[in-house]
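Colleague: To start, I am sharing the structure in question, which I have written as structure tokens.
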Amino acid sequence: MRSSKSTSTSKILAVACLATAMVVTGCSGSSKSPGKSTSGTLAVNWGGFPESWAPGAEMEAGYMRVPYENLVALDAKGEISPALATKWEQTEKTLTLTLREGVTFHDGTPFDAEAVKVNLESIRDGKTAYAGPLKVIESVDAVDAQTVRINLSEPTPSLLTTLSTRGAPMGSPKAIKDGTIAQSPVGTGPWAYDAGSSTKGTRMAFKYYDGYWGGKDSVGFQTVELYAIPEDNAATGALATGEIALTDTETTQLGRIEGNSSLEHLSYPAIRNNPMFFDRGPGGAFEDADVRRAACYALNTEEIVKLEPDFKARTQHFAEGEPGHNPDIAGYTHDLDEAKQLMAKAGNPEVSVEVLAAPFNEKQLQVYAQQLEKIGIKVSVQSAAPPQYFSQWNSGRYALGLGSNDELTPYDWYKAWFAADAPGNPSHVESAELKAAADAAIAAGASEEADALWQKVTKIISDEALTCAHVAGEELVAWNTKAVTGVKPSSQPWETNLVDYRALRPAGK
């Protein structure tokens, strides 16, 4: 199951072309083939394009990490490492960053402290997918061109981790202010968007930016072309013929991939998926915790695992060894009798709700709807194209939602979904017990007591059944060895559709 795939009439064009063994770009009126890896062009398919390229928007890493870079990065050991910021100093009240010199955005705008200020404030203050964890930022001061001070409302030791994720790429402040960045990304990365060489809905071209601070030797390809081939059979066919060099794929394609000596594949943990009970306010469909618990016991994630073999059922969001993992969380093992007893305890209320689905999770939601109907909770699954889905599934319009959660720390998870002011909590309801536990964990900062306090927070989230039915999935990536070498997943955890682009090299070079 892919975490997100965009489909539209224009995107289907690519599939039609490939189905007839034509080169993809031939359908767009170009005589060039996308299989140009040996001439310095890497053709990649992630199945669709983001609705918006603005920092803070719902962008998967496979797209975002072509034109954009972050202030810091996570290395293979999970440690913070330099990126656009070379040094940092954090206290309970501030995070001060020293910025890399000689960096410009693709439109020539200098990357400096003012640029960082514009980016962080626009993500925090806008209706963005990642505003929640940045609400902790009270203000941003441009101390001088290369020094930025972030003033915090509370201790936030995980802020550097947040700044390394797809929630906080650095975009041109000029393009942010005039709004053009939504459709034309402008970052500091090695490759700049080339609108003239792109075909709307089918291909997005990114050419090496001559002003890149890392220099040409830091990358192996002059051009990266992103394609939108949403259908897996067509993508595998294009991969086998060399029309594309790299694609995400599904386990259903492994037979074809493993049967071709030119193709290889890898997988890595990338998807964390769980339903959320949004309508928890007074009179809401899921105001009663027993109704939520009943729903959790009615849901059977083992059926989802059968549906999607790359998924594994889990009891909680965080895996063993990650901050926030609590060994005392038992989760909600499927138990229909217990679910019915809890509904009876709640007075057997009539619950009828709508949920929004996209092509990549509609089957899962249909299964969940059938399971919930057995205890009297009627769920109407409404289909939507990915752009509509991403902008509305957790907006408060729907009482129930299903989406991927890629938060790496319990602080970010709490701030994104469960705090009273969290963007993913449209009812703005939070129990006194949860708030007190979170306040205590936040106040503990980076002390030795903090992890145990955050474990208490995640246990309360589970006990109150604010979410449940956790599953984790693998991202599967395949490539043509005659076109590209050096394919490996990025060290950045829990990001979908991702490889380390800088490590890729044309085959034979």
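Each chain of the structure tokens is named A, B, ... in the order shown, its residues numbered from 1; ligands are numbered from 1 in display order.
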Using only C-alpha atoms, which residues sit within 8 Å of His428 (chain A) once same-chain residues fewer than 5 positions away are excluded, as a list of chain:residue names?
Modeller: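 Contacts, in chain order: A:Gly281, A:Ala419, A:Ala420, A:Asp421, A:Ala422.
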Colleague: Give me, as a VMD selection string, all polymer residues having an atom no more than 7 Å from region 455-459 of chain A, counting only C-alpha atoms and skipping those fewer than 2 positions away in the same chain.
Modeller: chain A and resid 324 to 326 329 434 437 to 438 451 to 453 461 to 463
Colleague: Output all heavy atoms for every residue in that selection, as a short mmCIF file (atom, residue, chain, number, x, y, z; two decimals), in the first residue's frame.
Modeller:
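Okay, again_38.cif is ready:
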data_model
loop_
_atom_site.label_atom_id
_atom_site.label_comp_id
_atom_site.auth_asym_id
_atom_site.auth_seq_id
_atom_site.Cartn_x
_atom_site.Cartn_y
_atom_site.Cartn_z
N GLY A 324 9.03 7.27 23.64
CA GLY A 324 7.58 7.20 23.67
C GLY A 324 7.01 5.80 23.69
O GLY A 324 5.84 5.60 24.02
N HIS A 325 7.83 4.80 23.33
CA HIS A 325 7.34 3.43 23.38
C HIS A 325 7.12 3.02 24.83
O HIS A 325 8.00 3.18 25.67
CB HIS A 325 8.33 2.47 22.73
CG HIS A 325 7.93 1.03 22.86
ND1 HIS A 325 7.02 0.44 22.02
CD2 HIS A 325 8.31 0.07 23.73
CE1 HIS A 325 6.86 -0.82 22.37
NE2 HIS A 325 7.63 -1.07 23.42
N ASN A 326 5.93 2.47 25.10
CA ASN A 326 5.60 2.06 26.47
C ASN A 326 5.28 0.57 26.46
O ASN A 326 4.28 0.15 25.86
CB ASN A 326 4.39 2.86 26.98
CG ASN A 326 4.12 2.63 28.45
OD1 ASN A 326 4.36 1.54 28.98
ND2 ASN A 326 3.61 3.65 29.12
N ILE A 329 1.67 -0.73 27.23
CA ILE A 329 0.52 -0.54 26.34
C ILE A 329 0.17 -1.87 25.68
O ILE A 329 0.95 -2.40 24.89
CB ILE A 329 0.81 0.53 25.27
CG1 ILE A 329 1.00 1.90 25.93
CG2 ILE A 329 -0.32 0.59 24.25
CD1 ILE A 329 1.37 3.00 24.96
N LEU A 434 -4.58 13.96 30.44
CA LEU A 434 -3.60 13.98 29.35
C LEU A 434 -2.81 15.28 29.37
O LEU A 434 -1.58 15.27 29.23
CB LEU A 434 -4.31 13.81 28.00
CG LEU A 434 -3.40 13.88 26.76
CD1 LEU A 434 -2.31 12.82 26.82
CD2 LEU A 434 -4.22 13.72 25.49
N ALA A 437 -0.24 15.26 32.20
CA ALA A 437 0.88 14.37 31.90
C ALA A 437 1.80 14.98 30.85
O ALA A 437 3.04 14.91 30.97
CB ALA A 437 0.35 13.02 31.42
N ALA A 438 1.22 15.58 29.81
CA ALA A 438 2.02 16.20 28.76
C ALA A 438 2.78 17.41 29.31
O ALA A 438 3.96 17.61 28.99
CB ALA A 438 1.14 16.60 27.59
N ASP A 451 11.72 10.61 29.41
CA ASP A 451 11.21 9.48 28.63
C ASP A 451 10.10 8.75 29.37
O ASP A 451 9.07 8.39 28.77
CB ASP A 451 12.34 8.52 28.27
CG ASP A 451 11.87 7.45 27.28
OD1 ASP A 451 11.29 7.83 26.24
OD2 ASP A 451 12.05 6.25 27.55
N ALA A 452 10.28 8.53 30.67
CA ALA A 452 9.23 7.86 31.45
C ALA A 452 7.95 8.69 31.47
O ALA A 452 6.84 8.14 31.43
CB ALA A 452 9.72 7.60 32.87
N LEU A 453 8.10 10.00 31.52
CA LEU A 453 6.93 10.87 31.53
C LEU A 453 6.21 10.85 30.18
O LEU A 453 4.98 10.88 30.13
CB LEU A 453 7.35 12.30 31.90
CG LEU A 453 7.81 12.47 33.35
CD1 LEU A 453 8.43 13.84 33.56
CD2 LEU A 453 6.64 12.26 34.31
N ILE A 461 -3.02 8.24 25.98
CA ILE A 461 -3.60 8.30 24.64
C ILE A 461 -4.23 6.96 24.27
O ILE A 461 -5.33 6.89 23.71
CB ILE A 461 -2.53 8.73 23.61
CG1 ILE A 461 -2.16 10.19 23.83
CG2 ILE A 461 -3.02 8.50 22.18
CD1 ILE A 461 -0.95 10.65 23.03
N SER A 462 -3.54 5.87 24.61
CA SER A 462 -4.07 4.54 24.33
C SER A 462 -5.27 4.24 25.23
O SER A 462 -6.31 3.77 24.75
CB SER A 462 -2.98 3.49 24.55
OG SER A 462 -3.48 2.19 24.32
N ASP A 463 -5.16 4.51 26.52
CA ASP A 463 -6.25 4.21 27.45
C ASP A 463 -7.53 4.97 27.10
O ASP A 463 -8.63 4.44 27.26
CB ASP A 463 -5.83 4.55 28.89
CG ASP A 463 -4.77 3.61 29.43
OD1 ASP A 463 -4.53 2.56 28.81
OD2 ASP A 463 -4.15 3.96 30.46
#
Colleague: Return the single residue from A:Gly56, A:Thr301, A:Tyr368, A:Ala76 that is closest to Asp125 (chain A), with distances computed using only C-alpha atoms.
Modeller: A:Gly56
Colleague: Any chance you could list, as JSON, numbers by chain, the residues in region 193-429 of chain A that come up strand (DSSP E) when DSSP is run on the backbone?
Modeller: {"A": [193, 194, 195, 196, 197, 198, 199, 203, 204, 205, 206, 207, 208, 223, 224, 225, 226, 227, 246, 247, 248, 249, 263, 264, 265, 266, 267, 268, 269, 270, 271, 272, 273, 274, 275, 276, 277, 311, 312, 313, 314, 351, 352, 353, 354, 355, 356, 357, 377, 378, 379, 380, 381, 382, 383, 400, 401, 402, 403, 404]}
Colleague: Those residues with C-alpha atoms, as a tab-separated table (two decimals), in the first residue's frame please?
Modeller:
chain	number	residue	atom	x	y	z
A	193	TYR	CA	12.70	23.04	-10.90
A	194	ASP	CA	12.70	23.52	-14.68
A	195	ALA	CA	9.16	24.42	-15.71
A	196	GLY	CA	10.08	24.66	-19.39
A	197	SER	CA	11.20	21.01	-19.52
A	198	SER	CA	8.22	19.75	-17.53
A	199	THR	CA	4.81	18.51	-18.64
A	203	ARG	CA	6.73	14.94	-15.71
A	204	MET	CA	8.53	17.41	-13.46
A	205	ALA	CA	12.12	18.18	-14.43
A	206	PHE	CA	14.79	19.40	-12.02
A	207	LYS	CA	18.19	20.46	-13.36
A	208	TYR	CA	21.42	20.91	-11.45
A	223	THR	CA	18.94	16.21	-14.06
A	224	VAL	CA	16.24	14.46	-12.05
A	225	GLU	CA	12.90	13.87	-13.74
A	226	LEU	CA	9.91	12.87	-11.62
A	227	TYR	CA	7.10	10.96	-13.32
A	246	LEU	CA	13.70	3.95	-10.22
A	247	THR	CA	10.18	3.53	-8.83
A	248	ASP	CA	8.24	2.69	-5.72
A	249	THR	CA	6.25	-0.48	-6.10
A	263	LEU	CA	16.09	-5.19	-11.65
A	264	GLU	CA	16.75	-5.02	-7.93
A	265	HIS	CA	14.66	-3.90	-4.98
A	266	LEU	CA	14.86	-2.95	-1.32
A	267	SER	CA	12.38	-2.20	1.42
A	268	TYR	CA	12.50	-0.12	4.58
A	269	PRO	CA	10.02	0.83	7.34
A	270	ALA	CA	8.24	3.99	6.19
A	271	ILE	CA	4.52	3.98	6.93
A	272	ARG	CA	2.70	4.31	10.26
A	273	ASN	CA	-1.03	4.17	9.81
A	274	ASN	CA	-3.94	4.41	12.25
A	275	PRO	CA	-7.50	5.75	12.48
A	276	MET	CA	-8.25	8.91	14.47
A	277	PHE	CA	-11.48	9.76	16.30
A	311	PHE	CA	1.78	-4.17	6.79
A	312	LYS	CA	2.35	-5.43	10.33
A	313	ALA	CA	-0.08	-4.99	13.20
A	314	ARG	CA	1.22	-3.08	16.23
A	351	VAL	CA	-23.54	6.37	15.50
A	352	SER	CA	-23.48	7.22	11.83
A	353	VAL	CA	-20.44	9.00	10.41
A	354	GLU	CA	-18.64	9.75	7.16
A	355	VAL	CA	-14.97	9.19	6.47
A	356	LEU	CA	-12.90	10.41	3.54
A	357	ALA	CA	-10.81	7.91	1.58
A	377	ILE	CA	-21.37	2.12	14.10
A	378	LYS	CA	-22.27	2.97	10.53
A	379	VAL	CA	-19.45	4.41	8.45
A	380	SER	CA	-20.01	5.86	5.00
A	381	VAL	CA	-16.75	5.89	3.01
A	382	GLN	CA	-16.51	8.84	0.65
A	383	SER	CA	-13.92	8.63	-2.17
A	400	LEU	CA	-13.35	9.68	11.74
A	401	GLY	CA	-10.17	9.61	9.69
A	402	LEU	CA	-7.40	7.28	8.60
A	403	GLY	CA	-3.97	8.58	7.77
A	404	SER	CA	-0.26	8.06	8.08
Colleague: Under the rule of at most 12 Å, produce a per-residue listing of region 393-476 of chain A near region 333-336 of chain A: chain, number, name, the closest pair of atoms, and the distance in Å, as a tab-separated table, using only C-alpha atoms.
Modeller:
residue	atom	partner	partner_atom	distance
A:Cys468	CA	A:Thr333	CA	10.0
A:Ala469	CA	A:Thr333	CA	8.8
A:His470	CA	A:Thr333	CA	10.9
Colleague: From a DSSP pass on the backbone, collect the residues of region 9-230 of chain A flagged as alpha helix (DSSP H) and hand them back as a ChimeraX atom specification.
Modeller: /A:9-19,24-27,61-64,113-125,131-134,159-163,173-178
Colleague: Tell me which protein, DNA and RNA residues are within 9 Å of Pro309 (chain A), counting only C-alpha atoms, leaving out same-chain ones fewer than 4 positions away, and put them as a PyMOL selection string.
Modeller: chain A and resi 1+251+304-305+473
Colleague: Between A:Pro359, A:Gly255, A:Pro410, A:Pro349, which residue has the minimum interatomic distance to Ile375 (chain A), considering only C-alpha atoms?
Modeller: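 Going through A:Pro359, A:Gly255, A:Pro410, A:Pro349 one by one, the smallest distance to Ile375 (chain A) is for A:Pro349.
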Colleague: Which residue gives the smallest distance to Leu152 (chain A) among A:Asn70, A:Thr96, A:Thr202, A:Thr188, with only C-alpha atoms counted?
Modeller: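 Of all the options, A:Thr96 lies closest to Leu152 (chain A).
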Colleague: Using only C-alpha atoms, which residue out of A:Ala238, A:Ala113, A:Val103, A:Leu42 lies closest to Trp213 (chain A)?
Modeller: A:Val103
Colleague: Report as a list in words all protein, DNA and RNA residues lying within 6 Å of region 164-171 of chain A, evaluated on only C-alpha atoms, omitting residues in the same chain fewer than 4 positions from it.
Modeller: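 Close residues of region 164-171 of chain A: Pro55, Gly56, Tyr68, Glu69, Asn70, Val72, Ala73, Tyr130, Val186 and Gly187 of chain A.
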Colleague: Would you kindly return, as a PyMOL selection string, each protein, DNA or RNA residue with an atom no farther than 7 Å from any atom of Ser153 (chain A), considering only C-alpha atoms and excluding same-chain residues fewer than 3 positions away?
Modeller: chain A and resi 93+136-138
Colleague: The selected residues should be written to file as a tab-separated table (two decimals), in the first residue's frame (atoms: N, CA, C and O atoms).
Modeller:
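Output file part-v7.tsv is given in full below:
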chain	number	residue	atom	x	y	z
A	93	LYS	N	14.82	27.62	26.67
A	93	LYS	CA	14.11	28.80	26.16
A	93	LYS	C	14.42	29.14	24.71
A	93	LYS	O	13.62	29.80	24.04
A	136	VAL	N	5.28	25.73	19.34
A	136	VAL	CA	6.15	26.02	20.47
A	136	VAL	C	7.03	27.25	20.21
A	136	VAL	O	7.58	27.83	21.15
A	137	ILE	N	7.17	27.65	18.95
A	137	ILE	CA	8.02	28.78	18.60
A	137	ILE	C	7.26	30.07	18.88
A	137	ILE	O	6.27	30.39	18.21
A	138	GLU	N	7.72	30.85	19.87
A	138	GLU	CA	7.09	32.13	20.19
A	138	GLU	C	7.49	33.20	19.19
A	138	GLU	O	6.67	34.01	18.76
Colleague: Any idea what the distance is between CA of Gly259 (chain A) and CA of Ser490 (chain A)?
Modeller: 26.2 Å
Colleague: Quick one: of A:Val484, A:Leu99, A:Leu159, A:Val219, who's nearest to Lys415 (chain A), counting only C-alpha atoms?
Modeller: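 Nearest to Lys415 (chain A): A:Leu159.
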Colleague: Using only C-alpha atoms, determine which residues lie at most 12 Å from Ala175 (chain A), disregarding the query and same-chain residues fewer than 2 positions distant; provide the list as a ChimeraX atom specification.
Modeller: /A:53-55,105-109,115,118-119,122,170-173,177-187
Colleague: Filtering to C-alpha atoms, could you give me those residues as a compact mmCIF listing (two decimals), in the first residue's frame?
Modeller:
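Everything below was put into part.txt:
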# COMPACT_ATOMS: atom_id res chain seq x y z
CA TRP A 53 5.18 22.38 -2.82
CA ALA A 54 4.99 25.06 -0.14
CA PRO A 55 7.03 24.34 3.02
CA PHE A 105 17.94 29.68 -3.24
CA HIS A 106 17.33 28.68 -6.85
CA ASP A 107 15.87 32.14 -7.60
CA GLY A 108 19.06 33.82 -6.37
CA THR A 109 17.62 34.91 -3.01
CA ALA A 115 14.81 33.41 5.18
CA VAL A 118 9.95 33.50 7.00
CA ASN A 119 9.91 29.72 6.58
CA SER A 122 4.80 30.54 7.54
CA MET A 170 13.58 25.67 3.54
CA GLY A 171 11.97 27.48 0.62
CA SER A 172 12.67 30.83 -0.99
CA PRO A 173 11.07 33.58 1.13
CA LYS A 177 5.49 35.58 0.01
CA ASP A 178 4.20 35.77 -3.57
CA GLY A 179 2.57 32.32 -3.37
CA THR A 180 4.28 30.85 -6.44
CA ILE A 181 6.11 28.24 -4.38
CA ALA A 182 2.95 26.13 -4.13
CA GLN A 183 3.27 25.05 -7.76
CA SER A 184 6.91 25.93 -8.48
CA PRO A 185 9.27 24.75 -5.73
CA VAL A 186 12.26 26.97 -5.00
CA GLY A 187 14.75 25.53 -2.53
